[in-house]
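Okay, final-v8.cif now, which holds mmCIF, C-alpha atoms:
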data_work
#
loop_
_atom_site.label_atom_id
_atom_site.label_comp_id
_atom_site.auth_asym_id
_atom_site.auth_seq_id
_atom_site.Cartn_x
_atom_site.Cartn_y
_atom_site.Cartn_z
CA LEU A 1 0.35 5.25 6.24
CA ASP A 2 2.00 6.20 2.99
CA VAL A 3 1.56 6.03 -0.76
CA ALA A 4 2.28 3.25 -3.27
CA HIS A 5 3.14 3.23 -6.96
CA ALA A 6 0.08 2.79 -9.17
CA MET A 7 0.64 1.49 -12.68
CA HIS A 8 1.38 4.54 -14.79
CA PRO A 9 -0.11 4.26 -18.30
CA GLY A 10 3.03 5.85 -19.76
CA TYR A 11 5.36 3.36 -18.04
CA PRO A 12 3.57 0.00 -17.74
CA ASP A 13 6.91 -1.84 -17.95
CA LYS A 14 7.82 -0.55 -14.48
CA ASN A 15 5.16 -2.79 -12.93
CA ASP A 16 4.51 -6.49 -12.80
CA LEU A 17 1.66 -6.82 -15.30
CA THR A 18 0.00 -9.56 -13.23
CA ASN A 19 0.27 -7.75 -9.89
CA HIS A 20 -0.13 -3.99 -9.95
CA LEU A 21 -2.18 -1.19 -8.42
CA CYS A 22 -4.51 1.14 -10.26
CA LEU A 23 -6.10 4.36 -9.09
CA GLY A 24 -9.39 3.40 -7.49
CA ASP A 25 -8.15 0.07 -6.04
CA GLY A 26 -8.54 1.42 -2.48
CA VAL A 27 -6.09 0.87 0.37
CA ALA A 28 -2.72 -0.46 -0.80
CA LEU A 29 -1.24 -3.15 1.46
CA LYS A 30 2.48 -3.01 0.67
CA LEU A 31 4.46 -6.27 0.70
CA SER A 32 8.11 -6.99 -0.07
CA ALA A 33 10.04 -10.26 -0.01
CA ARG A 34 13.25 -8.33 0.68
CA GLN A 35 11.57 -6.64 3.65
CA ALA A 36 11.67 -3.12 2.22
CA TYR A 37 8.26 -2.73 3.85
CA ALA A 38 7.47 -3.54 7.46
CA THR A 39 4.30 -5.46 6.64
CA ASP A 40 3.90 -8.83 8.25
CA SER A 41 1.37 -11.52 7.37
CA TYR A 42 -0.45 -11.23 10.69
CA TYR A 43 -1.37 -7.59 10.14
CA VAL A 44 -2.22 -8.14 6.49
CA SER A 45 -4.88 -10.59 7.70
CA ILE A 46 -6.14 -8.09 10.31
CA ILE A 47 -6.46 -5.24 7.81
CA GLN A 48 -7.99 -7.49 5.15
CA SER A 49 -10.59 -8.67 7.67
CA LEU A 50 -11.42 -5.10 8.70
CA CYS A 51 -11.72 -4.02 5.08
CA ASP A 52 -13.88 -7.03 4.16
CA GLU A 53 -16.13 -6.53 7.19
CA HIS A 54 -16.67 -2.83 6.41
CA ASP A 55 -16.72 -3.06 2.59
CA ILE A 56 -13.53 -1.02 2.23
CA PRO A 57 -11.70 -1.65 -1.06
CA TYR A 58 -8.05 -2.75 -0.84
CA ALA A 59 -5.35 -4.36 -2.94
CA LYS A 60 -1.98 -5.92 -2.19
CA TYR A 61 1.05 -4.24 -3.72
CA VAL A 62 4.31 -6.03 -4.47
CA ASN A 63 7.24 -4.44 -6.30
CA ARG A 64 8.35 -5.99 -9.55
CA SER A 65 10.87 -8.62 -8.45
CA ASP A 66 13.63 -7.74 -10.92
CA ILE A 67 13.61 -3.97 -10.24
CA ARG A 68 14.71 -2.56 -6.91
CA GLY A 69 11.79 -0.64 -5.46
CA GLY A 70 11.60 1.93 -2.74
CA SER A 71 11.20 1.42 0.95
CA THR A 72 9.54 3.19 3.85
CA LEU A 73 10.44 4.22 7.37
CA GLY A 74 8.10 1.51 8.61
CA SER A 75 10.81 -1.14 8.75
CA ILE A 76 13.15 1.12 10.71
CA SER A 77 10.54 2.35 13.18
CA SER A 78 9.00 -1.09 13.74
CA ALA A 79 12.43 -2.60 14.44
CA GLY A 80 13.02 0.03 17.11
CA LEU A 81 9.56 -0.27 18.63
CA GLY A 82 9.24 -4.03 18.49
CA ILE A 83 5.57 -3.98 17.47
CA ARG A 84 3.78 -5.57 14.54
CA THR A 85 3.46 -3.21 11.62
CA ILE A 86 1.88 -2.82 8.22
CA ASP A 87 2.88 -0.40 5.48
CA ALA A 88 -0.32 0.72 3.82
CA GLY A 89 -1.36 3.72 1.78
CA VAL A 90 -3.01 4.89 -1.40
CA PRO A 91 -1.98 4.26 -5.01
CA ILE A 92 -0.59 7.30 -6.81
CA LEU A 93 0.85 8.12 -10.21
CA ALA A 94 4.18 9.90 -10.68
CA MET A 95 5.55 9.53 -7.14
CA HIS A 96 8.10 12.24 -6.26
CA SER A 97 7.14 14.35 -9.27
CA ALA A 98 5.67 17.85 -9.31
CA ARG A 99 2.29 16.39 -10.28
CA GLU A 100 1.50 13.34 -8.18
CA VAL A 101 -2.04 12.11 -8.91
CA MET A 102 -4.28 9.98 -6.72
CA GLY A 103 -7.91 8.94 -6.53
CA VAL A 104 -10.23 10.61 -4.03
CA LYS A 105 -12.00 7.29 -3.37
CA ASP A 106 -8.65 5.74 -2.40
CA GLN A 107 -8.10 8.42 0.23
CA GLU A 108 -11.62 7.86 1.53
CA ALA A 109 -10.92 4.11 1.75
CA LEU A 110 -7.67 4.71 3.66
CA GLU A 111 -9.41 7.05 6.10
CA ALA A 112 -12.20 4.51 6.64
CA ALA A 113 -9.70 1.70 7.25
CA ALA A 114 -7.75 3.82 9.74
CA ARG A 115 -10.95 4.73 11.60
CA CYS A 116 -11.99 1.08 11.79
CA PHE A 117 -8.56 -0.02 12.95
CA PHE A 118 -8.17 2.59 15.68
CA ASN A 119 -11.76 2.17 16.88
CA ALA A 120 -11.56 -1.64 16.96
#
Let me see the file written as structure tokens.
Amino acid sequence: LDVAHAMHPGYPDKNDLTNHLCLGDGVALKLSARQAYATDSYYVSIIQSLCDEHDIPYAKYVNRSDIRGGSTLGSISSAGLGIRTIDAGVPILAMHSAREVMGVKDQEALEAAARCFFNA
């Protein structure tokens, strides 16, 4: 569980305008064609189903394809463990700055999704 870049109103050009996260979108399911995230399609379907079943908001996040985005430790740890993995988190503004901002409802959605997953 991690964070994901929400579309910052001061820097909209850093996001794909047709596929971006906003504060309040809920759990961010992080996907990357270059495998910067450990997410696989099987677990996306599992988490989507859990969220749909329990009315937990979520959105898929994909980096803009022509700008190199960040990565997570998920890919490294899942390769060593050999288990299916998903990188998920909450959308935030100004990642790695002194004033990161996130939505309270997004944190509540992430907590609810984690509870549902680990109690399933």
Target residues per the PyMOL selection byres ((chain A and resi 89-92) around 6), formatted as a ChimeraX atom specification: /A:1-6,23,27-28,88,93,101-102,106
Hits of the PyMOL selection byres ((chain A and resi 9-17) around 10) in this structure, as a list in words: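 That selection, the PyMOL selection byres ((chain A and resi 9-17) around 10), comes back as His5, Ala6, Met7, His8, Thr18, Asn19, His20, Leu21, Cys22, Tyr61, Val62, Asn63, Arg64, Ser65, Asp66, Ile67, Gly69, Leu93 and Ala94 of chain A.
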Given only C-alpha atoms as the counted atoms, nearest of A:Leu31, A:Tyr37, A:Tyr43, A:Pro57 to A:Gln107: A:Pro57
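When atom CA of A:Cys51 is paired with atom CA of A:Arg84, their separation reads 18.2 Å.
The space between atom CA of A:Ala38 and atom CA of A:Glu53 spans 23.8 Å.
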Minimum-distance residue to A:Ala113, chosen among A:Ile83, A:Ala59, A:Met95, A:Ile47 (using all atoms listed in the file): A:Ile47
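In this comparison, which uses only C-alpha atoms, the residue of A:Glu100, A:Asp25, A:Asp87, A:Glu108 approaching A:Asp40 most closely is A:Asp87.
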One-decimal distance in Å that lies between atom CA of A:Lys30 and atom CA of A:Ala112: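 Calculated distance between atom CA of A:Ala112 and atom CA of A:Lys30 is 17.5 Å.
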Closest of A:Ser32, A:Gln48, A:Asn119, A:Thr39 to A:Ile86 - atom-to-atom distances counting all atoms listed in the file: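 Of A:Ser32, A:Gln48, A:Asn119, A:Thr39, the one nearest A:Ile86, counting all atoms listed in the file, is A:Thr39.
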